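Coordinates as given in my_file.csv (CSV, C-alpha atoms):
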```
chain,number,residue,atom,x,y,z
A,39,MET,CA,10.1,14.5,8.7
A,40,LYS,CA,6.4,14.3,9.7
A,41,ARG,CA,3.5,13.7,7.4
A,42,ARG,CA,-0.1,13.9,8.6
A,43,LEU,CA,-2.4,11.2,7.5
A,44,ASP,CA,-5.0,13.7,6.2
A,45,ALA,CA,-5.9,12.1,2.9
A,46,ILE,CA,-9.6,12.6,3.4
A,47,ALA,CA,-9.3,16.3,2.9
A,48,ALA,CA,-8.2,15.5,-0.7
A,49,THR,CA,-10.3,12.5,-1.5
A,50,ALA,CA,-13.3,10.7,-0.1
A,51,ALA,CA,-11.7,7.5,-0.9
A,52,ALA,CA,-10.1,8.0,2.4
A,53,LEU,CA,-13.5,7.5,3.9
A,54,ALA,CA,-12.9,3.9,3.1
A,55,ALA,CA,-10.0,4.4,5.4
A,56,ALA,CA,-8.2,1.2,5.5
A,57,VAL,CA,-5.2,2.9,4.0
A,58,VAL,CA,-5.3,6.1,6.0
A,59,LEU,CA,-4.5,4.4,9.3
A,60,ALA,CA,-1.8,2.3,7.6
A,61,GLY,CA,0.4,1.5,10.5
A,62,CYS,CA,0.9,-0.6,13.5
A,63,ALA,CA,3.3,-0.4,16.4
A,64,ALA,CA,5.3,-2.7,18.5
A,65,SER,CA,4.6,-1.2,21.9
A,66,ALA,CA,4.3,-4.8,23.2
A,67,ALA,CA,7.0,-7.4,22.6
A,68,PRO,CA,6.2,-10.3,20.3
A,69,ARG,CA,5.6,-13.6,22.0
A,70,ALA,CA,8.5,-16.0,22.4
A,71,GLY,CA,8.5,-19.4,20.9
A,72,GLY,CA,9.4,-19.3,17.3
A,73,PRO,CA,8.1,-17.5,14.2
A,74,VAL,CA,4.6,-16.2,14.2
A,75,ARG,CA,2.3,-17.6,11.5
A,76,GLU,CA,1.5,-15.2,8.7
A,77,PRO,CA,-2.2,-14.9,8.1
A,78,SER,CA,-3.5,-16.2,4.8
A,79,THR,CA,-4.8,-13.8,2.1
A,80,ALA,CA,-8.4,-14.9,2.9
A,81,GLU,CA,-7.8,-14.1,6.6
A,82,VAL,CA,-6.4,-10.7,5.8
A,83,ARG,CA,-9.4,-9.9,3.7
A,84,LEU,CA,-11.6,-11.1,6.6
A,85,LEU,CA,-9.9,-8.7,8.9
A,86,GLU,CA,-10.3,-5.8,6.4
A,87,ARG,CA,-14.0,-6.6,6.0
A,88,ALA,CA,-14.5,-6.7,9.7
A,89,GLU,CA,-12.8,-3.3,10.1
A,90,GLN,CA,-15.0,-1.9,7.4
A,91,ILE,CA,-18.1,-3.2,9.2
A,92,LEU,CA,-17.0,-1.7,12.5
A,93,ILE,CA,-16.3,1.6,10.9
A,94,SER,CA,-19.7,1.6,9.2
A,95,GLY,CA,-21.5,0.9,12.5
A,96,CYS,CA,-19.5,3.7,14.3
A,97,MET,CA,-20.1,6.2,11.5
A,98,ARG,CA,-23.9,5.4,11.5
A,99,GLU,CA,-24.0,6.1,15.3
A,100,ARG,CA,-22.4,9.5,14.5
A,101,GLY,CA,-25.0,10.3,11.9
A,102,PHE,CA,-23.2,9.4,8.7
A,103,PRO,CA,-23.9,6.5,6.3
A,104,TYR,CA,-20.8,4.4,5.4
A,105,ALA,CA,-20.9,1.6,2.9
A,106,VAL,CA,-18.9,-1.6,3.6
A,107,THR,CA,-16.8,-2.1,0.5
A,108,GLU,CA,-14.4,-4.8,-0.6
A,109,SER,CA,-10.8,-4.0,-1.6
A,110,PRO,CA,-10.0,-5.1,-5.1
A,111,ALA,CA,-8.4,-8.5,-5.6
A,112,ASP,CA,-4.8,-8.5,-6.7
A,113,GLY,CA,-4.0,-9.8,-10.2
A,114,ALA,CA,-1.6,-9.8,-13.0
A,115,ALA,CA,-2.7,-6.3,-14.0
A,116,ARG,CA,-1.6,-5.0,-10.6
A,117,ARG,CA,2.0,-6.2,-10.9
A,118,SER,CA,4.7,-3.8,-9.8
A,119,PHE,CA,8.1,-3.3,-11.6
A,120,PRO,CA,10.0,-0.9,-9.2
A,121,TYR,CA,13.3,-1.1,-11.1
A,122,ALA,CA,12.3,-1.6,-14.7
A,123,VAL,CA,9.6,-3.5,-16.6
A,124,ASP,CA,11.3,-6.9,-17.2
A,125,ASP,CA,8.4,-9.1,-18.5
A,126,VAL,CA,8.1,-8.7,-22.2
A,127,GLU,CA,4.7,-10.5,-22.5
A,128,TRP,CA,3.2,-8.5,-19.6
A,129,ALA,CA,4.5,-5.3,-21.2
A,130,ARG,CA,2.9,-6.2,-24.5
A,131,ALA,CA,-0.5,-6.8,-22.8
A,132,HIS,CA,-0.4,-3.9,-20.2
A,133,GLY,CA,2.3,-1.4,-21.3
A,134,TYR,CA,3.3,0.3,-18.1
A,135,GLY,CA,-0.1,-0.4,-16.5
A,136,GLY,CA,-1.6,3.0,-17.5
A,137,ARG,CA,-4.8,1.5,-18.7
A,138,ASP,CA,-5.2,-0.6,-15.5
A,139,GLU,CA,-4.5,2.5,-13.4
A,140,ARG,CA,-7.2,4.4,-15.2
A,141,ARG,CA,-9.7,1.6,-14.6
A,142,GLY,CA,-8.7,1.6,-10.9
A,143,ALA,CA,-9.2,5.4,-10.7
A,144,GLU,CA,-12.7,5.0,-12.3
A,145,ALA,CA,-13.6,2.3,-9.7
A,146,ARG,CA,-12.5,4.6,-6.9
A,147,GLN,CA,-14.6,7.4,-8.2
A,148,ALA,CA,-17.6,5.0,-8.3
A,149,ASP,CA,-17.0,4.1,-4.6
A,150,PRO,CA,-20.2,5.0,-2.7
A,151,ASN,CA,-18.3,6.5,0.2
A,152,GLN,CA,-16.4,8.8,-2.1
A,153,GLN,CA,-19.5,9.8,-3.9
A,154,TYR,CA,-21.3,10.5,-0.6
A,155,PHE,CA,-18.3,12.5,0.7
A,156,HIS,CA,-18.4,14.7,-2.4
A,157,SER,CA,-22.1,15.3,-2.1
A,158,LEU,CA,-21.7,16.9,1.3
A,159,SER,CA,-21.5,20.6,2.1
A,160,ALA,CA,-18.1,21.8,3.4
A,161,ARG,CA,-19.4,21.9,6.9
A,162,ARG,CA,-20.8,18.4,6.8
A,163,ARG,CA,-17.7,17.1,5.0
A,164,ALA,CA,-15.5,18.4,7.9
A,165,ALA,CA,-17.8,16.8,10.4
A,166,ALA,CA,-17.7,13.4,8.5
A,167,ARG,CA,-13.9,13.6,8.4
A,168,THR,CA,-13.8,14.3,12.1
A,169,ALA,CA,-16.1,11.4,12.8
A,170,LEU,CA,-14.0,9.1,10.7
A,171,MET,CA,-10.5,10.2,11.5
A,172,GLY,CA,-10.7,12.3,14.7
A,173,ARG,CA,-10.2,16.0,15.1
A,174,SER,CA,-6.4,15.9,14.3
A,175,PRO,CA,-3.8,13.3,13.6
A,176,VAL,CA,-2.5,13.3,17.2
A,177,GLY,CA,-1.9,10.5,19.6
A,178,LEU,CA,-0.4,7.8,17.4
A,179,SER,CA,3.1,8.2,15.9
A,180,ALA,CA,5.5,5.8,14.3
A,181,GLU,CA,8.7,6.1,12.2
A,182,ALA,CA,8.7,4.1,9.0
A,183,PRO,CA,11.8,2.3,7.7
A,184,THR,CA,12.1,5.1,5.2
A,185,GLY,CA,12.7,7.6,8.0
A,186,MET,CA,9.4,9.3,7.6
A,187,THR,CA,7.2,9.8,10.7
A,188,LEU,CA,3.5,9.1,10.3
A,189,THR,CA,0.9,10.2,12.7
A,190,ALA,CA,-2.8,9.5,13.3
A,191,SER,CA,-5.6,10.2,15.8
A,192,THR,CA,-6.6,7.9,18.6
A,193,GLU,CA,-10.2,9.3,18.1
A,194,GLY,CA,-12.6,8.7,15.3
A,195,CYS,CA,-14.2,5.6,13.8
A,196,ILE,CA,-11.0,4.2,12.3
A,197,ALA,CA,-9.3,4.2,15.6
A,198,GLN,CA,-12.3,2.8,17.4
A,199,ALA,CA,-12.6,-0.1,14.8
A,200,GLN,CA,-9.0,-1.0,15.0
A,201,ARG,CA,-8.9,-0.8,18.8
A,202,THR,CA,-11.9,-3.1,18.9
A,203,LEU,CA,-10.2,-5.6,16.5
A,204,TYR,CA,-6.6,-5.5,17.7
A,205,GLY,CA,-6.8,-4.2,21.3
A,206,ASP,CA,-3.4,-2.6,21.2
A,207,LEU,CA,-4.1,0.4,19.0
A,208,ALA,CA,-0.7,2.0,19.4
A,209,GLY,CA,1.0,-1.3,18.7
A,210,TRP,CA,-1.1,-2.0,15.6
A,211,PHE,CA,-0.4,1.5,14.3
A,212,ARG,CA,3.4,1.2,14.6
A,213,ALA,CA,3.7,-2.3,13.4
A,214,LYS,CA,1.6,-1.6,10.3
A,215,VAL,CA,3.4,1.7,9.5
A,216,VAL,CA,6.7,-0.2,9.7
A,217,THR,CA,5.6,-3.3,7.7
A,218,MET,CA,3.8,-1.4,5.0
A,219,ASN,CA,7.0,0.6,4.4
A,220,LEU,CA,9.4,-2.3,4.2
A,221,ARG,CA,9.2,-2.4,0.4
A,222,PRO,CA,10.0,1.3,-0.1
A,223,ALA,CA,13.0,1.0,2.1
A,224,GLN,CA,14.1,-2.1,0.3
A,225,GLU,CA,13.8,-0.4,-3.1
A,226,THR,CA,15.7,2.7,-2.0
A,227,ARG,CA,18.7,0.4,-1.0
A,228,VAL,CA,18.6,-1.4,-4.4
A,229,ARG,CA,18.6,1.9,-6.3
A,230,GLY,CA,21.5,3.2,-4.2
A,231,ASP,CA,23.7,0.1,-4.9
A,232,ARG,CA,26.6,0.7,-7.4
A,233,ARG,CA,25.8,-2.7,-9.1
A,234,TYR,CA,22.3,-1.5,-9.9
A,235,ALA,CA,23.6,1.8,-11.3
A,236,ASP,CA,26.1,-0.1,-13.5
A,237,ALA,CA,23.3,-2.3,-14.8
A,238,VAL,CA,21.1,0.7,-15.6
A,239,ARG,CA,23.9,2.2,-17.7
A,240,GLU,CA,24.1,-0.9,-19.8
A,241,TRP,CA,20.3,-0.9,-20.1
A,242,ALA,CA,20.4,2.8,-21.2
A,243,GLY,CA,22.9,1.8,-23.9
A,244,CYS,CA,20.4,-0.8,-25.2
A,245,MET,CA,17.6,1.8,-25.1
A,246,ARG,CA,19.7,4.2,-27.1
A,247,ALA,CA,20.4,1.6,-29.7
A,248,ALA,CA,16.6,1.0,-30.0
A,249,GLY,CA,16.1,4.7,-30.6
A,250,ARG,CA,14.8,5.4,-27.1
A,251,PRO,CA,17.5,7.5,-25.4
A,252,HIS,CA,16.2,7.3,-21.8
A,253,ALA,CA,18.9,7.3,-19.1
A,254,THR,CA,16.9,5.5,-16.5
A,255,PRO,CA,13.7,3.4,-16.3
A,256,LEU,CA,12.1,6.3,-14.5
A,257,GLU,CA,12.7,8.5,-17.5
A,258,SER,CA,11.2,5.8,-19.8
A,259,ARG,CA,8.1,5.6,-17.6
A,260,GLN,CA,7.7,9.4,-17.5
A,261,ALA,CA,8.0,9.5,-21.3
A,262,ALA,CA,5.2,6.9,-21.6
A,263,ALA,CA,2.8,8.9,-19.5
A,264,GLY,CA,1.7,11.1,-22.4
A,265,LEU,CA,1.5,8.3,-25.0
A,266,ALA,CA,-1.5,6.5,-26.4
A,267,ASP,CA,-2.0,3.0,-25.3
A,268,ALA,CA,-0.3,1.3,-28.3
A,269,ALA,CA,2.7,3.6,-28.1
A,270,GLU,CA,2.9,3.0,-24.4
A,271,SER,CA,3.0,-0.7,-24.9
A,272,GLU,CA,5.6,-0.4,-27.6
A,273,LEU,CA,7.9,1.6,-25.3
A,274,ALA,CA,7.3,-0.8,-22.4
A,275,VAL,CA,8.2,-3.8,-24.6
A,276,ILE,CA,11.5,-2.1,-25.6
A,277,GLU,CA,12.3,-1.4,-22.0
A,278,ALA,CA,11.5,-5.0,-21.0
A,279,THR,CA,13.6,-6.4,-23.9
A,280,CYS,CA,16.5,-4.3,-22.8
A,281,ALA,CA,16.1,-5.2,-19.2
A,282,THR,CA,16.2,-8.9,-19.9
A,283,GLY,CA,18.9,-8.5,-22.6
A,284,THR,CA,21.3,-6.7,-20.3
A,285,PRO,CA,22.2,-7.5,-16.6
A,286,LEU,CA,19.5,-5.1,-15.3
A,287,ALA,CA,16.7,-7.7,-14.7
A,288,ARG,CA,19.1,-10.2,-13.1
A,289,VAL,CA,21.0,-7.7,-11.0
A,290,SER,CA,17.9,-5.9,-9.8
A,291,GLN,CA,16.1,-9.1,-8.8
A,292,ALA,CA,19.2,-10.4,-6.9
A,293,LEU,CA,19.7,-7.1,-5.1
A,294,ASP,CA,16.0,-6.9,-4.3
A,295,LEU,CA,16.1,-10.4,-2.7
A,296,THR,CA,19.3,-9.5,-0.7
A,297,TYR,CA,18.0,-6.1,0.6
A,298,GLY,CA,14.6,-7.5,1.2
A,299,GLU,CA,16.0,-10.1,3.6
A,300,GLU,CA,18.1,-7.4,5.2
A,301,VAL,CA,15.2,-5.0,5.8
A,302,ARG,CA,13.0,-7.7,7.1
A,303,ALA,CA,15.7,-8.9,9.5
A,304,GLN,CA,16.0,-5.4,10.9
A,305,HIS,CA,12.3,-5.2,11.5
A,306,GLN,CA,11.4,-8.8,12.5
A,307,ASP,CA,9.9,-7.7,15.8
A,308,GLU,CA,7.3,-5.4,14.0
A,309,ILE,CA,6.6,-8.2,11.5
A,310,ALA,CA,6.0,-10.7,14.3
A,311,LEU,CA,3.8,-8.2,16.2
A,312,ARG,CA,1.7,-7.5,13.2
A,313,ARG,CA,1.1,-11.2,12.5
A,314,ARG,CA,0.4,-11.9,16.2
A,315,LEU,CA,-2.2,-9.0,16.4
A,316,GLN,CA,-3.8,-10.2,13.2
A,317,ASN,CA,-4.0,-13.8,14.4
A,318,ASP,CA,-5.4,-12.8,17.7
A,319,ALA,CA,-8.0,-10.6,16.0
A,320,LEU,CA,-9.4,-13.4,13.8
A,321,PRO,CA,-12.0,-14.7,16.2
A,322,MET,CA,-13.4,-11.2,16.7
A,323,ALA,CA,-13.4,-10.6,12.9
A,324,GLU,CA,-15.3,-13.8,12.3
A,325,ARG,CA,-18.0,-12.8,14.8
A,326,VAL,CA,-18.3,-9.3,13.4
A,327,VAL,CA,-18.6,-10.5,9.8
A,328,ALA,CA,-21.0,-13.4,10.7
A,329,GLN,CA,-23.3,-11.0,12.7
A,330,HIS,CA,-23.3,-8.5,9.9
A,331,ASP,CA,-24.0,-11.0,7.1
A,332,ALA,CA,-26.7,-12.6,9.2
```

Please re-express this file's structure in structure tokens.
Amino acid sequence: MKRRLDAIAATAAALAAAVVLAGCAASAAPRAGGPVREPSTAEVRLLERAEQILISGCMRERGFPYAVTESPADGAARRSFPYAVDDVEWARAHGYGGRDERRGAEARQADPNQQYFHSLSARRRAAARTALMGRSPVGLSAEAPTGMTLTASTEGCIAQAQRTLYGDLAGWFRAKVVTMNLRPAQETRVRGDRRYADAVREWAGCMRAAGRPHATPLESRQAAAGLADAAESELAVIEATCATGTPLARVSQALDLTYGEEVRAQHQDEIALRRRLQNDALPMAERVVAQHDA
């Protein structure tokens, strides 16, 4: 199944574009000689900033302003619970994260690139999209571990910036597509495991006993979507209490570890390639950022 990376048509947040071209490819084999060093969080943020600066310069040359923005730092409020909320204290403070998601949506709406995009006429918006992403998502293609095929253009300022940083644009695209989709593939395997299904049934029994007859954590989360903040937190605390009071938390964590190792082993070449391309791009990124900041 193919999905075109055409998010800009729906939202100008895609003008920030680090997400849109989310994929790298292993057209070149990783270097031999042991594991490749994983870049630090600071180094990854440096690469992201350098890419934004390169995109900004490219867009300016094509007649469109483009602000260099920083991706938000990760924190406790951004925690993910793919199988069930299993931290009672976090649930008490954040519920299912609905309040944090709303704050994130407000921040995205305040993004200067998004605001600029929405201010354009339809004709200029299409021209900005073409400048950023190319005329059509053709030229780059990669299959994610989930089985979905993602495509993107070799034209546009995103492609130009990533080609400048990483050299091997097709390699970067495929490696990033694969590595950014390891987690979804891992979670799919956990949910398909009989041991997880058995643990969910025990959890559902606990939820029924607490007056919340939800058959799965997904049902519980969906029920929370229409609740006020206090009621959302109350339901999340009950879910977390049942997850830790039954085998669900223990089983899901163990399966997640097992399948995570399995998925990473199957895609170790793409993981190594992504790290190598990132490490090789660091000197260029340092120069780009230093010149921009100066």

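Candidate residues A:Leu170, A:Ala247, A:Leu256, A:Ala180 were compared for distance to Ala197 (chain A), and the nearest is A:Leu170, using all atoms listed in the file.
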
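Closest approach to Ala237 (chain A) among A:Ala213, A:Leu315, A:Val289, A:Leu273 is made by A:Val289 (distances from only C-alpha atoms).
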
Restricting the calculation to all atoms listed in the file: of A:Arg325, A:Arg117, A:Asp231, A:Arg130, which residue gets closest to Arg87 (chain A)?
A:Arg325

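One distance worth recording is that between CA of Leu203 (chain A) and CA of Val82 (chain A), which is 12.4 Å.
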
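In this model, the gap between CA of Gly230 (chain A) and CA of Thr254 (chain A) comes to 13.3 Å.
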
Which residue is closest to Gly142 (chain A)? Choose from A:His156, A:Ser109, A:Thr226, A:Pro255 and count only C-alpha atoms.
A:Ser109

Using all atoms listed in the file, the shortest atom-to-atom distance to His330 (chain A) among A:Gly209, A:Pro77, A:Gly95, A:Gly172 belongs to A:Gly95

Please enclose the listed atoms of region 158-161 of chain A in an axis-aligned box, pad each side by 5 Å, and write out the centre and the three edge lengths in Å, rounded to one decimal, as JSON.
```
{"center_x": -19.9, "center_y": 19.4, "center_z": 4.1, "size_x": 13.6, "size_y": 15.0, "size_z": 15.6}
```

May I have the residues within 12 Å of Val326 (chain A) as a ChimeraX atom specification, using all atoms listed in the file and disregarding those fewer than 4 positions away in the same chain?
/A:84-95,199,202-203,319-322,330-332

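Closest approach to Ser290 (chain A) from the set A:Tyr204, A:Tyr154, A:Tyr104, A:Trp241 is made by A:Trp241, with distances taken over only C-alpha atoms.
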
Val238 (chain A) surroundings by all atoms listed in the file, 7 Å radius, close-in-sequence under 4 positions cut, as a PDB file with C-alpha atoms, in the coordinates of the input:
```
ATOM      1  CA  TYR A 234      22.300  -1.500  -9.900  1.00  0.00           C
ATOM      2  CA  ALA A 242      20.400   2.800 -21.200  1.00  0.00           C
ATOM      3  CA  THR A 254      16.900   5.500 -16.500  1.00  0.00           C
ATOM      4  CA  LEU A 286      19.500  -5.100 -15.300  1.00  0.00           C
TER       5      LEU A 286
END
```

In Å and to one decimal, CA of Glu277 (chain A) is distant from CA of Gly264 (chain A) by 16.4 Å

List every protein, DNA or RNA residue that has at least one atom no more than 12 Å from (16.7, -0.9, -17.4) in the file's coordinates, counting all atoms listed in the file, and write the result as a ChimeraX atom specification.
/A:119-125,229,234-246,250-259,274-291

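Only residues having an atom at most 10 Å from (-0.4, 1.1, -20.1) are included; using all atoms listed in the file, these are Ala115, Ala129, Arg130, Ala131, His132, Gly133, Tyr134, Gly135, Gly136, Arg137, Asp138, Glu139, Arg140, Arg259, Ala262, Ala263, Leu265, Ala266, Asp267, Ala268, Ala269, Glu270, Ser271, Glu272, Leu273 and Ala274 of chain A.
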